[in-house]
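Have a look at the structure below, then the notes.
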Amino acid sequence: MAAVLASPPSVASHWSAAWLWGLLQSRPGTLHVTCPTSRRARRPFVTHTADLPSVDRDVRDRIPVTSLPRTILDVAADSWPKTVRRHIERADEAKEFDLRSMHDLLGRTMGHRGWAKVCAALDIYDDGAPFTRSGLERRFLDVVREAGLPEPAMNYFVAGHEVDAYWEAERFAVELDVYETHGSRLAFEDNRVRDDEFLLAGIETTRVTGPRLDREPAAVVDSLRRHLARRAGIK
C-alpha cells in the first residue's frame, strides 16, 4: 500500500479496495492501483488507468482508495452475479452502503464492464421484491429460487410469531441462524418457546445457519425439497 500513498492521486482500487472496504474475507495477493495516466506496473502491482473524480475517491484506514460504490462496480466486472450481490450485502450489513451514491455512479458509468451486473444486483432494493431484512435472508431466497423450489414468504407472522421463511401450504418454516441475532441466552430461551408453540400449531420448523448455507447450499436445497414433499403429503 505504500506505493499508493507515495504517488497521489493514485488510489488502491479493485480487489485491494474491496479488501479495505471489508467486502473480502482475505487479503488479495496482488495490489491493484488506479492511476489517472498509464504507468508501467512492477510486480506484484496491477495498475488500472482512470481519471477518477473526487466523488469516486475516498480514504480508508488512512489509505487513498476508490469509493465503496466505485469499488463494487470495478470488481463486478470480473465477478459472478452472485458474488456482486454478496459484496453489496456485506457493505449493507456493515451500514456502509448508500443506494443513492450507487445509482449516481451508475448514471455516470454506463458502458463499464461491471455496470449490468451491479444493476441486476440492485433488484433486491426494488419495492416489489420479497421483503427481507438481512443478507443471509437474501442469500437463502436466492438459493431457493435457483433450485426451482416454491418461493416462501419472508419475515412472515404465523401463530403469534415471526419466522424468517414460511411455506403456508405446507405449514413449514425455516429460521435462519447467525450468532449475532440468536446468540444471547434470552434469544436461546425464546427460540425454544417458539418451537414448542409452532409444534402445537401444527407448524414444523427447521434451522439453517449462515455458514452451512455458504458451505453446502446443495445439501440445504436437498433437505428443503424433502421436507416440503413430506409436508405436502401430510395434508
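By order in the C-alpha cells, chains are A, B, ...; within a chain, residues start at 1; ligands start at 1, following the order shown.
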Which residues are near stretch 62-72 of chain A? Cut-off 6 Å, only C-alpha atoms, ignore same chain within fewer than 6 positions. Put them as a list in words.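 That gives Val11, Ala12, Ser13, His14, Ala17, Asp56 and Met102 of chain A.
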When you look at A:Met154 with a cut-off of 12 Å (counting only C-alpha atoms), what residues show up, excluding the ones that are within fewer than 3 positions of it in the same chain? I need them as a ChimeraX atom specification. /A:129-134,136-138,140-141,144,151,157-158,162-168,173-176
Find the residues near A:Arg85: any atom within 9 Å, counting only C-alpha atoms, skip ones fewer than 2 places away on the same chain, and give them as a compact mmCIF listing (two decimals) with all heavy atoms, in the first residue's frame.
# COMPACT_ATOMS: atom_id res chain seq x y z
N TRP A 80 -18.79 -13.15 -10.55
CA TRP A 80 -20.07 -13.77 -10.85
C TRP A 80 -21.19 -12.89 -10.29
O TRP A 80 -21.00 -12.21 -9.29
CB TRP A 80 -20.16 -15.16 -10.21
CG TRP A 80 -19.23 -16.17 -10.82
CD1 TRP A 80 -18.06 -16.61 -10.31
CD2 TRP A 80 -19.42 -16.88 -12.04
NE1 TRP A 80 -17.47 -17.53 -11.13
CE2 TRP A 80 -18.30 -17.73 -12.21
CE3 TRP A 80 -20.42 -16.90 -13.02
CZ2 TRP A 80 -18.16 -18.57 -13.31
CZ3 TRP A 80 -20.28 -17.73 -14.11
CH2 TRP A 80 -19.16 -18.57 -14.25
N PRO A 81 -22.38 -12.91 -10.91
CA PRO A 81 -23.50 -12.10 -10.39
C PRO A 81 -23.79 -12.35 -8.91
O PRO A 81 -24.06 -11.40 -8.16
CB PRO A 81 -24.67 -12.53 -11.28
CG PRO A 81 -24.03 -12.93 -12.57
CD PRO A 81 -22.73 -13.59 -12.18
N LYS A 82 -23.70 -13.60 -8.48
CA LYS A 82 -23.96 -13.91 -7.08
C LYS A 82 -22.92 -13.24 -6.17
O LYS A 82 -23.24 -12.78 -5.07
CB LYS A 82 -23.94 -15.42 -6.85
CG LYS A 82 -24.28 -15.84 -5.43
CD LYS A 82 -24.19 -17.35 -5.26
CE LYS A 82 -25.23 -18.08 -6.07
NZ LYS A 82 -25.26 -19.54 -5.78
N THR A 83 -21.68 -13.16 -6.65
CA THR A 83 -20.63 -12.52 -5.86
C THR A 83 -20.87 -11.02 -5.76
O THR A 83 -20.62 -10.41 -4.71
CB THR A 83 -19.25 -12.78 -6.50
OG1 THR A 83 -19.04 -14.19 -6.59
CG2 THR A 83 -18.14 -12.15 -5.68
N HIS A 87 -21.20 -8.85 -2.32
CA HIS A 87 -20.44 -7.65 -1.96
C HIS A 87 -21.37 -6.53 -1.49
O HIS A 87 -21.08 -5.84 -0.50
CB HIS A 87 -19.62 -7.17 -3.17
CG HIS A 87 -18.49 -8.07 -3.53
ND1 HIS A 87 -17.90 -8.07 -4.77
CD2 HIS A 87 -17.83 -9.02 -2.81
CE1 HIS A 87 -16.92 -8.97 -4.79
NE2 HIS A 87 -16.87 -9.55 -3.62
N ILE A 88 -22.47 -6.36 -2.19
CA ILE A 88 -23.43 -5.32 -1.80
C ILE A 88 -24.05 -5.65 -0.44
O ILE A 88 -24.22 -4.78 0.42
CB ILE A 88 -24.51 -5.16 -2.88
CG1 ILE A 88 -23.89 -4.57 -4.16
CG2 ILE A 88 -25.65 -4.26 -2.39
CD1 ILE A 88 -24.83 -4.48 -5.34
N GLU A 89 -24.35 -6.92 -0.22
CA GLU A 89 -24.93 -7.34 1.06
C GLU A 89 -23.97 -7.07 2.21
O GLU A 89 -24.37 -6.58 3.27
CB GLU A 89 -25.28 -8.82 1.01
CG GLU A 89 -26.49 -9.12 0.13
CD GLU A 89 -26.62 -10.60 -0.20
OE1 GLU A 89 -25.77 -11.38 0.30
OE2 GLU A 89 -27.53 -10.96 -0.95
N ARG A 90 -22.69 -7.38 2.00
CA ARG A 90 -21.71 -7.15 3.07
C ARG A 90 -21.57 -5.67 3.38
O ARG A 90 -21.47 -5.27 4.55
CB ARG A 90 -20.36 -7.75 2.68
CG ARG A 90 -20.33 -9.27 2.81
CD ARG A 90 -19.01 -9.85 2.38
NE ARG A 90 -19.02 -11.30 2.57
CZ ARG A 90 -18.19 -12.13 1.97
NH1 ARG A 90 -17.27 -11.67 1.13
NH2 ARG A 90 -18.26 -13.43 2.19
N LYS A 117 -24.07 -6.01 -14.17
CA LYS A 117 -24.13 -6.91 -13.00
C LYS A 117 -24.56 -6.15 -11.75
O LYS A 117 -25.34 -6.67 -10.94
CB LYS A 117 -22.78 -7.58 -12.78
CG LYS A 117 -22.37 -8.53 -13.88
CD LYS A 117 -20.99 -9.10 -13.60
CE LYS A 117 -20.44 -9.90 -14.77
NZ LYS A 117 -19.06 -10.36 -14.51
N VAL A 118 -24.04 -4.95 -11.58
CA VAL A 118 -24.44 -4.16 -10.41
C VAL A 118 -25.92 -3.78 -10.50
O VAL A 118 -26.66 -3.87 -9.52
CB VAL A 118 -23.57 -2.90 -10.26
CG1 VAL A 118 -24.08 -2.01 -9.13
CG2 VAL A 118 -22.12 -3.29 -9.99
N ALA A 120 -28.28 -5.42 -11.94
CA ALA A 120 -29.08 -6.61 -11.64
C ALA A 120 -29.08 -6.90 -10.15
O ALA A 120 -30.10 -7.28 -9.58
CB ALA A 120 -28.54 -7.80 -12.43
N ALA A 121 -27.93 -6.71 -9.51
CA ALA A 121 -27.83 -6.99 -8.08
C ALA A 121 -28.69 -6.04 -7.25
O ALA A 121 -29.14 -6.39 -6.16
CB ALA A 121 -26.37 -6.90 -7.63
N LEU A 122 -28.91 -4.84 -7.77
CA LEU A 122 -29.70 -3.85 -7.03
C LEU A 122 -31.20 -4.16 -7.06
O LEU A 122 -31.98 -3.43 -6.43
CB LEU A 122 -29.44 -2.45 -7.58
CG LEU A 122 -28.03 -1.90 -7.35
CD1 LEU A 122 -27.90 -0.51 -7.97
CD2 LEU A 122 -27.71 -1.85 -5.86
N ILE A 124 -32.61 -6.27 -5.44
CA ILE A 124 -33.04 -6.58 -4.08
C ILE A 124 -33.61 -5.36 -3.38
O ILE A 124 -34.30 -5.48 -2.37
CB ILE A 124 -31.88 -7.16 -3.24
CG1 ILE A 124 -30.72 -6.17 -3.14
CG2 ILE A 124 -31.41 -8.49 -3.79
CD1 ILE A 124 -29.62 -6.61 -2.21
N ARG A 139 -29.63 -14.27 0.63
CA ARG A 139 -28.88 -15.40 0.08
C ARG A 139 -29.74 -16.66 0.09
O ARG A 139 -29.72 -17.45 -0.86
CB ARG A 139 -27.59 -15.64 0.88
CG ARG A 139 -26.58 -14.51 0.75
CD ARG A 139 -25.17 -14.96 1.06
NE ARG A 139 -24.98 -15.47 2.40
CZ ARG A 139 -24.76 -14.73 3.49
NH1 ARG A 139 -24.76 -13.40 3.39
NH2 ARG A 139 -24.56 -15.28 4.66
Do a neighbour search on stretch 213-229 of chain A at 7 Å with only C-alpha atoms, toss out local chain neighbours closer than 4 positions, and write the hits as a compact mmCIF listing (two decimals) with all heavy atoms, in the first residue's frame.
# COMPACT_ATOMS: atom_id res chain seq x y z
N VAL A 144 -33.07 -20.72 -2.89
CA VAL A 144 -34.38 -21.34 -3.13
C VAL A 144 -34.82 -21.13 -4.57
O VAL A 144 -35.29 -22.05 -5.25
CB VAL A 144 -35.41 -20.77 -2.15
CG1 VAL A 144 -36.84 -21.16 -2.56
CG2 VAL A 144 -35.13 -21.26 -0.73
N ALA A 147 -32.83 -23.11 -7.17
CA ALA A 147 -33.12 -24.54 -7.12
C ALA A 147 -34.50 -24.86 -7.69
O ALA A 147 -34.83 -26.03 -7.87
CB ALA A 147 -33.04 -25.03 -5.68
N GLU A 170 -47.63 -25.84 3.08
CA GLU A 170 -47.02 -26.99 3.75
C GLU A 170 -46.93 -26.78 5.26
O GLU A 170 -46.51 -27.69 5.98
CB GLU A 170 -45.62 -27.26 3.18
CG GLU A 170 -45.62 -27.77 1.75
CD GLU A 170 -45.82 -26.67 0.72
OE1 GLU A 170 -45.80 -25.47 1.09
OE2 GLU A 170 -46.00 -27.00 -0.47
N VAL A 208 -31.42 -23.20 9.60
CA VAL A 208 -30.31 -23.19 8.66
C VAL A 208 -29.36 -22.09 9.08
O VAL A 208 -29.77 -20.93 9.23
CB VAL A 208 -30.79 -22.95 7.21
CG1 VAL A 208 -29.59 -22.83 6.26
CG2 VAL A 208 -31.72 -24.07 6.75
N THR A 209 -28.11 -22.42 9.30
CA THR A 209 -27.13 -21.41 9.69
C THR A 209 -26.49 -20.76 8.47
O THR A 209 -26.43 -21.37 7.39
CB THR A 209 -26.02 -22.02 10.55
OG1 THR A 209 -25.28 -22.97 9.77
CG2 THR A 209 -26.60 -22.71 11.79
N GLY A 233 -47.40 -34.19 1.66
CA GLY A 233 -48.07 -35.47 1.76
C GLY A 233 -48.88 -35.63 3.03
O GLY A 233 -49.74 -36.51 3.12
Enumerate as a ChimeraX atom specification all residues of stretch 15-183 of chain A assigned to strand (DSSP E or B) by DSSP on the backbone, naming them with the chain letters and numbers the document uses. /A:31-35,45-49,57-60,63-66,153-158,161-167,172-177
With distances taken over only C-alpha atoms, the candidate from A:Pro152, A:Gly135, A:Gly107, A:Gly114 nearest A:Gly210 is A:Gly135
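Distances here use only C-alpha atoms; by that measure, the residue among A:Glu146, A:Val84, A:Ala18, A:Leu105 closest to A:Asp123 is A:Val84.
Using only C-alpha atoms, the nearest neighbour of A:Asp78 within the list A:Lys95, A:Arg113, A:Arg57, A:Arg108 is A:Arg113.
The interatomic distance for the pair atom CA of A:Ala116 and atom CA of A:Arg145 works out to 20.4 Å.
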Distance of atom CA of A:Glu93 from atom CA of A:Thr34, expressed in Å to one decimal place: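 A separation of 26.7 Å between them.
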Within 7 Å of A:Thr47, counting only C-alpha atoms, which residues qualify if same-chain residues fewer than 6 places away don't, as a list in words?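 My list of contacting residues is His32, Val33, Thr34, Cys35 and Ala41 of chain A.
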